[in-house]
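Structure below is final13.cif: mmCIF, C-alpha atoms (C1' of nucleotides).
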```
data_input
loop_
_atom_site.label_atom_id
_atom_site.label_comp_id
_atom_site.auth_asym_id
_atom_site.auth_seq_id
_atom_site.Cartn_x
_atom_site.Cartn_y
_atom_site.Cartn_z
CA MET H 1 -4.26 -35.05 -16.20
CA LYS H 2 -5.82 -32.35 -18.38
CA SER H 3 -7.77 -35.04 -20.23
CA GLU H 4 -8.88 -36.52 -16.91
CA LEU H 5 -10.38 -33.16 -16.04
CA SER H 6 -11.92 -32.49 -19.45
CA LYS H 7 -13.42 -35.98 -19.47
CA ARG H 8 -15.42 -35.08 -16.37
CA ILE H 9 -16.46 -31.59 -17.33
CA LYS H 10 -19.62 -30.88 -19.35
CA PRO H 11 -21.07 -27.71 -20.93
CA ILE H 12 -24.37 -26.20 -19.82
CA VAL H 13 -26.29 -22.98 -20.54
CA PHE H 14 -28.72 -20.96 -18.44
CA GLN H 15 -31.25 -18.44 -19.69
CA LYS H 16 -31.63 -15.09 -17.99
CA GLY H 17 -33.47 -15.55 -14.70
CA GLU H 18 -33.06 -19.33 -14.67
CA LEU H 19 -32.45 -21.02 -11.33
CA VAL H 20 -29.10 -22.82 -11.16
CA LEU H 21 -29.37 -24.10 -7.60
CA ASP H 22 -32.41 -24.31 -5.35
CA ALA H 23 -31.62 -24.00 -1.63
CA ASN H 24 -33.90 -26.98 -1.06
CA ASN H 25 -31.35 -29.17 -2.80
CA ILE H 26 -27.75 -30.03 -2.04
CA SER H 27 -25.16 -28.31 -4.22
CA LYS H 28 -23.62 -31.24 -6.11
CA LYS H 29 -22.18 -29.44 -9.11
CA SER H 30 -19.53 -26.79 -9.42
CA TYR H 31 -19.87 -24.45 -12.41
CA PHE H 32 -17.06 -22.77 -14.27
CA ILE H 33 -18.38 -19.71 -16.09
CA ASN H 34 -17.45 -19.12 -19.67
CA LYS H 35 -19.85 -16.23 -20.37
CA GLY H 36 -22.53 -14.46 -18.36
CA ILE H 37 -23.12 -13.85 -14.64
CA LEU H 38 -24.41 -16.07 -11.87
CA ARG H 39 -25.69 -14.68 -8.61
CA THR H 40 -25.61 -16.42 -5.23
CA TYR H 41 -28.38 -15.17 -2.94
CA PHE H 42 -30.58 -16.12 -0.02
CA ILE H 43 -34.03 -15.17 1.18
CA LYS H 44 -34.46 -12.97 4.25
CA ASP H 45 -37.90 -11.72 5.31
CA GLY H 46 -39.22 -12.68 1.89
CA LYS H 47 -36.58 -10.63 0.07
CA GLU H 48 -33.71 -11.85 -2.06
CA ILE H 49 -30.37 -10.80 -0.63
CA SER H 50 -27.42 -11.09 -3.01
CA GLU H 51 -24.42 -12.73 -1.41
CA TYR H 52 -22.04 -12.34 -4.36
CA PHE H 53 -21.81 -12.42 -8.13
CA SER H 54 -19.61 -14.60 -10.31
CA GLY H 55 -18.40 -13.90 -13.82
CA ILE H 56 -16.14 -15.37 -16.46
CA ASP H 57 -13.43 -17.85 -15.38
CA GLU H 58 -14.87 -18.28 -11.90
CA TRP H 59 -16.04 -21.43 -10.13
CA VAL H 60 -19.46 -21.28 -8.51
CA ASN H 61 -21.25 -23.55 -6.05
CA SER H 62 -22.81 -23.20 -2.60
CA PRO H 63 -19.57 -23.70 -0.64
CA LYS H 64 -20.77 -25.22 2.60
CA SER H 65 -23.41 -27.34 0.88
CA PHE H 66 -20.98 -28.51 -1.77
CA MET H 67 -18.17 -29.38 0.63
CA GLN H 68 -20.26 -30.99 3.33
CA ARG H 69 -22.98 -32.47 1.14
CA LYS H 70 -25.84 -31.02 3.10
CA LYS H 71 -28.37 -28.26 2.49
CA ASP H 72 -27.56 -24.61 3.01
CA ILE H 73 -29.55 -21.39 2.55
CA TYR H 74 -28.12 -20.28 -0.79
CA TYR H 75 -29.85 -20.14 -4.16
CA ILE H 76 -27.96 -19.48 -7.39
CA ASP H 77 -29.51 -17.97 -10.50
CA ALA H 78 -28.40 -16.51 -13.81
CA ILE H 79 -28.83 -12.76 -14.06
CA GLU H 80 -28.12 -12.91 -17.78
CA TYR H 81 -27.73 -15.62 -20.43
CA THR H 82 -24.83 -17.74 -19.18
CA GLU H 83 -22.61 -20.44 -20.65
CA ALA H 84 -20.66 -22.64 -18.27
CA TYR H 85 -19.05 -26.00 -17.66
CA PHE H 86 -19.83 -28.13 -14.67
CA ILE H 87 -18.24 -30.95 -12.75
CA ASN H 88 -19.92 -33.23 -10.23
CA VAL H 89 -18.67 -33.22 -6.67
CA ASN H 90 -17.87 -36.95 -6.91
CA ASP H 91 -15.71 -36.43 -9.96
CA LEU H 92 -13.95 -33.54 -8.30
CA VAL H 93 -13.18 -35.63 -5.22
CA TYR H 94 -11.93 -38.41 -7.50
CA LEU H 95 -9.55 -35.97 -9.14
CA PHE H 96 -8.40 -34.64 -5.78
CA ASP H 97 -7.74 -38.14 -4.55
CA ASN H 98 -5.79 -39.18 -7.62
CA TYR H 99 -4.03 -35.98 -8.54
CA PRO H 100 -2.37 -34.50 -5.44
CA GLU H 101 -1.30 -31.44 -7.41
CA MET H 102 -4.97 -30.58 -7.93
CA GLU H 103 -5.63 -30.94 -4.25
CA ARG H 104 -2.66 -28.72 -3.51
CA TYR H 105 -3.83 -26.16 -6.04
CA ALA H 106 -7.29 -26.12 -4.47
CA ARG H 107 -5.80 -25.66 -1.02
CA LEU H 108 -3.77 -22.73 -2.25
CA SER H 109 -6.79 -21.13 -3.90
CA MET H 110 -8.58 -21.32 -0.57
CA GLY H 111 -6.09 -18.80 0.76
CA THR H 112 -7.17 -16.34 -1.91
CA VAL H 113 -10.83 -16.93 -1.20
CA PHE H 114 -10.28 -16.43 2.53
CA GLY H 115 -8.48 -13.23 1.70
CA HIS H 116 -11.47 -11.99 -0.28
CA PHE H 117 -13.87 -12.83 2.53
CA MET H 118 -11.76 -11.03 5.10
CA GLU H 119 -11.37 -7.98 2.87
CA ARG H 120 -15.09 -7.91 2.31
CA ILE H 121 -15.80 -8.06 6.03
CA THR H 122 -13.53 -5.06 6.46
CA SER H 123 -15.16 -3.26 3.57
CA ILE H 124 -18.58 -3.77 5.12
CA ARG H 125 -17.62 -2.82 8.67
CA PHE H 126 -15.80 0.44 8.22
CA THR H 127 -16.96 2.21 5.17
CA SER H 128 -19.76 4.56 4.19
CA ALA H 129 -22.39 3.53 1.65
CA LYS H 130 -20.53 5.44 -1.04
CA GLU H 131 -17.21 3.77 -0.24
CA LYS H 132 -18.93 0.39 -0.27
CA TYR H 133 -20.19 1.10 -3.75
CA ILE H 134 -16.76 2.21 -4.94
CA HIS H 135 -15.24 -0.95 -3.48
CA PHE H 136 -17.93 -3.02 -5.20
CA GLN H 137 -17.10 -1.41 -8.54
CA LYS H 138 -13.44 -2.24 -8.00
CA ILE H 139 -14.08 -5.87 -7.04
CA TYR H 140 -16.51 -6.39 -9.89
CA SER H 141 -14.85 -4.03 -12.38
CA LYS H 142 -15.73 -6.19 -15.38
CA ILE H 143 -19.36 -6.89 -14.63
CA TYR H 144 -20.71 -4.34 -12.16
CA HIS H 145 -22.57 -2.32 -14.79
CA ARG H 146 -24.53 -5.41 -15.86
CA ILE H 147 -25.97 -6.05 -12.39
CA PRO H 148 -29.38 -4.47 -11.59
CA LEU H 149 -29.36 -1.74 -8.96
CA GLY H 150 -31.61 -3.59 -6.53
CA MET H 151 -29.32 -6.61 -6.46
CA VAL H 152 -26.29 -4.41 -5.90
CA ALA H 153 -28.04 -2.61 -3.04
CA SER H 154 -28.88 -5.87 -1.25
CA TYR H 155 -25.30 -7.08 -1.82
CA LEU H 156 -24.00 -3.91 -0.19
CA GLY H 157 -26.52 -4.02 2.62
CA ILE H 158 -27.93 -0.58 1.82
CA THR H 159 -31.32 0.48 0.44
CA GLN H 160 -32.05 0.95 -3.25
CA GLU H 161 -32.87 4.59 -2.65
CA THR H 162 -29.51 5.27 -1.06
CA LEU H 163 -27.67 3.53 -3.89
CA SER H 164 -29.68 5.42 -6.48
CA ARG H 165 -28.74 8.71 -4.83
CA ILE H 166 -25.07 7.72 -4.68
CA ARG H 167 -25.06 6.96 -8.37
CA ALA H 168 -26.92 10.18 -9.19
CA LYS H 169 -24.11 12.33 -7.72
CA LYS H 170 -21.83 11.45 -10.66
CA MET L 1 -1.00 -41.43 12.27
CA LYS L 2 -1.75 -39.88 15.66
CA SER L 3 1.88 -40.27 16.63
CA GLU L 4 2.94 -38.69 13.36
CA LEU L 5 0.92 -35.65 14.32
CA SER L 6 2.00 -35.56 17.96
CA LYS L 7 5.63 -35.91 16.87
CA ARG L 8 5.34 -32.64 14.97
CA ILE L 9 3.36 -30.68 17.49
CA LYS L 10 5.04 -28.67 20.29
CA PRO L 11 3.70 -26.79 23.31
CA ILE L 12 4.12 -23.02 23.72
CA VAL L 13 2.80 -20.37 26.12
CA PHE L 14 2.08 -16.67 25.66
CA GLN L 15 1.78 -14.06 28.37
CA LYS L 16 -1.06 -11.57 28.36
CA GLY L 17 -0.42 -8.95 25.69
CA GLU L 18 2.33 -10.94 24.00
CA LEU L 19 2.55 -10.79 20.20
CA VAL L 20 2.07 -14.18 18.56
CA LEU L 21 2.42 -13.07 14.95
CA ASP L 22 3.76 -9.81 13.58
CA ALA L 23 2.23 -8.76 10.25
CA ASN L 24 5.75 -8.02 9.03
CA ASN L 25 6.44 -11.74 9.07
CA ILE L 26 4.94 -14.67 7.22
CA SER L 27 2.62 -16.89 9.28
CA LYS L 28 4.51 -20.17 9.38
CA LYS L 29 2.97 -21.77 12.46
CA SER L 30 -0.54 -22.84 13.22
CA TYR L 31 -1.52 -22.76 16.89
CA PHE L 32 -4.01 -25.03 18.59
CA ILE L 33 -5.28 -23.36 21.76
CA ASN L 34 -5.44 -25.32 24.97
CA LYS L 35 -6.22 -22.44 27.32
CA GLY L 36 -6.60 -18.68 26.88
CA ILE L 37 -7.62 -16.42 24.01
CA LEU L 38 -5.77 -15.23 20.93
CA ARG L 39 -6.91 -12.25 18.92
CA THR L 40 -6.36 -11.68 15.21
CA TYR L 41 -6.31 -7.98 14.33
CA PHE L 42 -5.00 -5.44 11.87
CA ILE L 43 -4.10 -1.77 11.98
CA LYS L 44 -6.30 0.82 10.28
CA ASP L 45 -5.62 4.54 10.68
CA GLY L 46 -3.32 3.73 13.57
CA LYS L 47 -5.99 1.80 15.44
CA GLU L 48 -6.15 -1.91 16.15
CA ILE L 49 -9.21 -3.51 14.57
CA SER L 50 -10.08 -6.97 15.89
CA GLU L 51 -10.83 -9.40 13.10
CA TYR L 52 -11.79 -12.34 15.32
CA PHE L 53 -11.00 -14.14 18.56
CA SER L 54 -9.99 -17.75 19.08
CA GLY L 55 -10.42 -19.86 22.19
CA ILE L 56 -9.90 -23.40 23.41
CA ASP L 57 -9.69 -26.19 20.82
CA GLU L 58 -9.35 -23.81 17.89
CA TRP L 59 -6.60 -23.54 15.28
CA VAL L 60 -5.17 -20.09 14.69
CA ASN L 61 -2.94 -18.63 11.99
CA SER L 62 -3.14 -15.81 9.44
CA PRO L 63 -5.01 -17.80 6.78
CA LYS L 64 -3.87 -16.17 3.55
CA SER L 65 -0.30 -15.71 4.79
CA PHE L 66 -0.13 -19.27 6.09
CA MET L 67 -1.56 -20.91 2.98
CA GLN L 68 0.26 -18.85 0.41
CA ARG L 69 3.48 -18.24 2.33
CA LYS L 70 3.46 -14.52 1.86
CA LYS L 71 2.83 -11.52 4.11
CA ASP L 72 -0.65 -10.35 4.99
CA ILE L 73 -1.97 -7.53 7.18
CA TYR L 74 -2.88 -9.55 10.26
CA TYR L 75 -1.27 -9.51 13.67
CA ILE L 76 -2.10 -12.05 16.36
CA ASP L 77 -1.70 -11.45 20.08
CA ALA L 78 -2.72 -13.04 23.36
CA ILE L 79 -5.39 -11.15 25.25
CA GLU L 80 -4.83 -13.32 28.29
CA TYR L 81 -2.28 -15.92 29.40
CA THR L 82 -2.51 -18.65 26.76
CA GLU L 83 -1.26 -22.22 26.44
CA ALA L 84 -1.16 -23.75 22.98
CA TYR L 85 0.48 -26.28 20.70
CA PHE L 86 1.89 -25.35 17.35
CA ILE L 87 2.80 -27.09 14.12
CA ASN L 88 4.97 -25.72 11.33
CA VAL L 89 3.45 -25.21 7.91
CA ASN L 90 6.03 -27.60 6.40
CA ASP L 91 5.11 -30.35 8.82
CA LEU L 92 1.45 -29.79 8.14
CA VAL L 93 1.97 -30.04 4.40
CA TYR L 94 4.01 -33.20 4.97
CA LEU L 95 1.11 -34.70 6.89
CA PHE L 96 -1.38 -33.63 4.23
CA ASP L 97 0.76 -35.20 1.52
CA ASN L 98 1.20 -38.46 3.36
CA TYR L 99 -2.12 -38.83 5.11
CA PRO L 100 -4.93 -38.22 2.60
CA GLU L 101 -7.52 -38.56 5.35
CA MET L 102 -6.02 -35.46 7.01
CA GLU L 103 -6.23 -33.56 3.76
CA ARG L 104 -9.84 -34.64 3.37
CA TYR L 105 -10.63 -33.62 6.93
CA ALA L 106 -9.08 -30.21 6.34
CA ARG L 107 -11.09 -29.77 3.14
CA LEU L 108 -14.27 -30.63 4.99
CA SER L 109 -13.49 -28.19 7.80
CA MET L 110 -13.11 -25.48 5.18
CA GLY L 111 -16.83 -25.81 4.51
CA THR L 112 -17.53 -24.95 8.13
CA VAL L 113 -15.17 -21.99 8.06
CA PHE L 114 -16.76 -20.66 4.86
CA GLY L 115 -20.13 -21.01 6.51
CA HIS L 116 -18.95 -18.92 9.46
CA PHE L 117 -17.59 -16.21 7.19
CA MET L 118 -20.78 -16.02 5.18
CA GLU L 119 -22.91 -15.92 8.33
CA ARG L 120 -20.76 -13.14 9.68
CA ILE L 121 -21.09 -11.10 6.52
CA THR L 122 -24.85 -11.41 6.87
CA SER L 123 -24.69 -10.52 10.52
CA ILE L 124 -22.74 -7.37 9.73
CA ARG L 125 -24.85 -6.25 6.78
CA PHE L 126 -28.36 -6.49 8.10
CA THR L 127 -28.42 -6.05 11.82
CA SER L 128 -28.50 -3.17 14.28
CA ALA L 129 -25.61 -2.56 16.67
CA LYS L 130 -27.55 -4.32 19.42
CA GLU L 131 -28.27 -7.37 17.29
CA LYS L 132 -24.61 -7.52 16.29
CA TYR L 133 -23.66 -7.64 19.95
CA ILE L 134 -26.20 -10.36 20.68
CA HIS L 135 -24.87 -12.36 17.73
CA PHE L 136 -21.33 -11.86 19.02
CA GLN L 137 -22.31 -13.18 22.44
CA LYS L 138 -23.83 -16.24 20.78
CA ILE L 139 -20.82 -16.94 18.56
CA TYR L 140 -18.38 -16.42 21.44
CA SER L 141 -20.61 -17.71 24.22
CA LYS L 142 -17.71 -19.22 26.17
CA ILE L 143 -15.29 -16.33 26.03
CA TYR L 144 -17.13 -13.09 25.24
CA HIS L 145 -17.06 -11.82 28.80
CA ARG L 146 -13.27 -12.06 28.90
CA ILE L 147 -12.74 -9.77 25.90
CA PRO L 148 -12.27 -6.03 26.62
CA LEU L 149 -15.05 -3.73 25.42
CA GLY L 150 -12.88 -1.76 23.03
CA MET L 151 -11.78 -4.90 21.21
CA VAL L 152 -15.36 -6.11 20.94
CA ALA L 153 -16.47 -2.75 19.55
CA SER L 154 -13.83 -2.78 16.81
CA TYR L 155 -14.73 -6.38 16.01
CA LEU L 156 -18.37 -5.36 15.59
CA GLY L 157 -17.50 -2.24 13.66
CA ILE L 158 -19.25 0.09 16.12
CA THR L 159 -17.86 2.69 18.53
CA GLN L 160 -16.97 1.95 22.13
CA GLU L 161 -19.54 4.47 23.28
CA THR L 162 -22.34 2.76 21.40
CA LEU L 163 -21.35 -0.65 22.76
CA SER L 164 -21.12 0.73 26.27
CA ARG L 165 -24.64 2.13 25.96
CA ILE L 166 -25.98 -1.16 24.58
CA ARG L 167 -24.52 -3.04 27.55
CA ALA L 168 -25.85 -0.46 30.01
CA LYS L 169 -29.46 -1.10 28.97
CA LYS L 170 -29.45 -4.46 30.73
"C1'" DG T 1 -47.42 -1.45 -29.88
"C1'" DT T 2 -49.76 -0.78 -25.78
"C1'" DA T 3 -50.96 -2.35 -21.21
"C1'" DA T 4 -48.98 -4.29 -17.21
"C1'" DT T 5 -45.19 -5.29 -14.48
"C1'" DT T 6 -40.95 -4.25 -12.52
"C1'" DA T 7 -37.03 -1.17 -11.66
"C1'" DT T 8 -35.26 3.35 -10.63
"C1'" DT T 9 -35.41 8.05 -9.11
"C1'" DT T 10 -36.76 11.95 -6.30
"C1'" DG T 11 -38.65 14.23 -2.11
"C1'" DA T 12 -39.78 14.78 2.85
"C1'" DT T 13 -39.03 13.08 7.31
"C1'" DT T 14 -37.10 10.18 11.04
"C1'" DT T 15 -33.59 7.78 13.61
"C1'" DA T 16 -29.61 4.88 14.91
"C1'" DG T 17 -25.34 5.47 15.77
"C1'" DG T 18 -21.26 8.59 15.23
"C1'" DT T 19 -18.41 12.49 17.18
"C1'" DC T 20 -16.56 15.27 20.68
"C1'" DA T 21 -15.79 16.08 25.48
"C1'" DA T 22 -15.35 15.06 30.08
"C1'" DA T 23 -16.06 12.17 34.27
"C1'" DA T 24 -15.62 7.84 36.67
"C1'" DG T 25 -13.54 3.30 37.11
"C1'" DT T 26 -9.78 -0.07 36.62
"C1'" DT T 27 -5.22 -1.94 36.33
"C1'" DC T 28 -0.45 -1.36 36.01
"C1'" DT T 29 4.04 -0.02 37.83
"C1'" DG T 30 7.61 1.42 40.77
"C1'" DC Q 1 -0.22 1.98 47.90
"C1'" DA Q 2 -0.11 6.21 45.21
"C1'" DG Q 3 0.21 8.16 40.85
"C1'" DA Q 4 0.08 7.23 35.94
"C1'" DA Q 5 -2.03 5.24 32.23
"C1'" DC Q 6 -5.46 3.01 30.31
"C1'" DT Q 7 -10.64 1.63 29.88
"C1'" DT Q 8 -15.41 2.37 30.32
"C1'" DT Q 9 -19.34 5.30 31.06
"C1'" DT Q 10 -22.27 9.34 30.50
"C1'" DG Q 11 -23.97 13.58 28.20
"C1'" DA Q 12 -25.01 16.82 24.33
"C1'" DC Q 13 -25.21 17.27 19.67
"C1'" DC Q 14 -24.94 16.02 14.64
"C1'" DT Q 15 -25.06 13.42 10.36
"C1'" DA Q 16 -25.54 9.41 7.14
"C1'" DA Q 17 -28.67 6.51 5.77
"C1'" DA Q 18 -33.34 4.40 6.63
"C1'" DT Q 19 -38.26 4.84 5.94
"C1'" DC Q 20 -42.36 6.19 3.73
"C1'" DA Q 21 -44.51 7.87 -0.35
"C1'" DA Q 22 -45.10 8.92 -4.93
"C1'" DA Q 23 -43.44 9.93 -9.67
"C1'" DT Q 24 -40.79 8.32 -13.69
"C1'" DA Q 25 -38.56 5.09 -16.54
"C1'" DA Q 26 -37.62 0.75 -18.45
"C1'" DT Q 27 -38.85 -4.15 -19.44
"C1'" DT Q 28 -41.86 -7.78 -20.46
"C1'" DA Q 29 -45.91 -9.92 -22.06
"C1'" DC Q 30 -49.87 -10.23 -24.76
#
```
Show me the file's structure as structure tokens.
Amino acid sequence: MKSELSKRIKPIVFQKGELVLDANNISKKSYFINKGILRTYFIKDGKEISEYFSGIDEWVNSPKSFMQRKKDIYYIDAIEYTEAYFINVNDLVYLFDNYPEMERYARLSMGTVFGHFMERITSIRFTSAKEKYIHFQKIYSKIYHRIPLGMVASYLGITQETLSRIRAKK
Amino acid sequence: MKSELSKRIKPIVFQKGELVLDANNISKKSYFINKGILRTYFIKDGKEISEYFSGIDEWVNSPKSFMQRKKDIYYIDAIEYTEAYFINVNDLVYLFDNYPEMERYARLSMGTVFGHFMERITSIRFTSAKEKYIHFQKIYSKIYHRIPLGMVASYLGITQETLSRIRAKK
DNA sequence: GTAATTATTTGATTTAGGTCAAAAGTTCTG
DNA sequence: CAGAACTTTTGACCTAAATCAAATAATTAC
């Protein structure tokens, strides 16, 4: 089974600032990051709003687009030089269909992802800007210092100025 | 296949205010609502915070708990008299294992659910209290008027007073 | 290496929504 | 149906974070 997976997985690199997925296209590849950071974002009133960041050992795609094979609003880009592997959606479905344990594993992982989403919703709803930033640092403990302030601010839903002031106070 | 599903599904009713799932237990049943409204909530600083509401034709469980068979923080209760069907997690897994088309359907539905979560995160991050309420009315167009103000306010992450004032201005 | 962008910080001012308190309305319960 | 127990509304006041504006600082490009 391992070989079945490795047979369908290919390496790819992205330079800093390079677009990984354009929202005008359907997300047909899922990337597994080996090094670097990818950012999922969308455009609102002409501004880029960061939805989340993904670092080493994480899978990245535009979930709804990838699963339902239709367009969604999300772009993905590399905020630093990134090395990854990718698998095509067709190959992934093939593996799911032929290796039930993979399907089961994926289903289980969904629980974790749902958990993260629900936690994040809570974090956004009931916390001050400062607490949001602290929570962000916890969630992204390994990469938060490599993400530009403006992107972090849009991820948190606060202004750059506010975030700058929060960071200034130690 | 339909009969396989119907064989494993049983009817159940809940009275107004009745607890459907206690966070001290693992979520082992998934409910499909036929009539009424269930609310998923958690306790923060001694207060009930509504996470979301579920109405007719929707499946309800505590996602992370249900999928990973461990405890999570969510309670579920009935905010009005509710009629539903339920299926046990074991039976559902049996169906998934034996009817790949069900598994595939579930995987597809996940895309929709992810989409909702991501939309909600956006709705929370970048909108005023009033816009949040308007969005809530849109999302829950069929049931929003049956949900008590306090529960709506905690769902939106605003105070009761603010919501009351928003509703007062036409 | 210097000009030109782009990102971050700092300051002054405004405002949406929170807090606290009390009144009015509703709905349970015996 | 009357009192208790919630739920919702209204009022006065306050605070966290937004906005607007401009000064630094850091990257990037030539």
### Task
Compile the contact shell of segment 112-115 of chain L as a PyMOL selection string: residues with an atom at most 10 Å away, counting only C-alpha atoms (C1' of nucleotides), same-chain residues fewer than 6 positions apart removed.
(chain H and resi 62-65+67-68+72+110+113-114+117) or (chain L and resi 121)
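Relative to atom CA of Ile76 of chain H, atom C1' of DT9 of chain T is found at 28.6 Å.
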Which residues of chain T have any atom within 9 Å of an atom in chain H when counting all atoms listed in the file, and what is the closest pair of atoms for each, with the distance in Å to one decimal? Order the rows by chain and rising number and write it as JSON lines.
```
{"residue": "T:DA7", "atom": "C1'", "partner": "H:Gly150", "partner_atom": "CA", "distance": 7.8}
{"residue": "T:DT8", "atom": "C1'", "partner": "H:Ser164", "partner_atom": "CA", "distance": 7.3}
{"residue": "T:DT9", "atom": "C1'", "partner": "H:Ser164", "partner_atom": "CA", "distance": 6.8}
{"residue": "T:DT10", "atom": "C1'", "partner": "H:Arg165", "partner_atom": "CA", "distance": 8.8}
```
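For chain H, the residues within 9 Å of chain Q are Ser128, Ala129, Ile158, Thr159 and Thr162 of chain H, with all atoms listed in the file used to measure distance.
Between atom CA of Gly36 of chain H and atom CA of Ile56 of chain H the separation is 6.7 Å.
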### Query
If we count all atoms listed in the file, what is near Lys47 of chain H at a cut-off of 12 Å, once residues fewer than 5 positions away on the same chain are taken out, given as a list in words?
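Result of the neighbour search: Tyr41, Phe42, Gly150, Met151, Ser154 and Tyr155 of chain H.
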### Query
Between L:Thr40, L:Asn34, L:Thr82, L:Asn88, which has the minimum distance to chain H (counting all atoms listed in the file)?
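Smallest distance to chain H is found for L:Thr40.
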### Message
I'd like the residues picked by the PyMOL selection byres ((chain L and resi 17-29) around 12) written out as a PyMOL selection string, using the chain letters and numbers from the file.
### Response
chain L and resi 8-16+30-32+36-43+59-93
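Atom pair atom CA of Glu58 of chain L / atom CA of Lys142 of chain L: separated by 12.6 Å.
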### Task
Name the closest residue to chain L among the candidates H:Lys132, H:Lys7, H:Lys35, H:Arg146; distances are taken between atoms, counting all atoms listed in the file.
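Distance minimum relative to chain L lands on H:Lys132.
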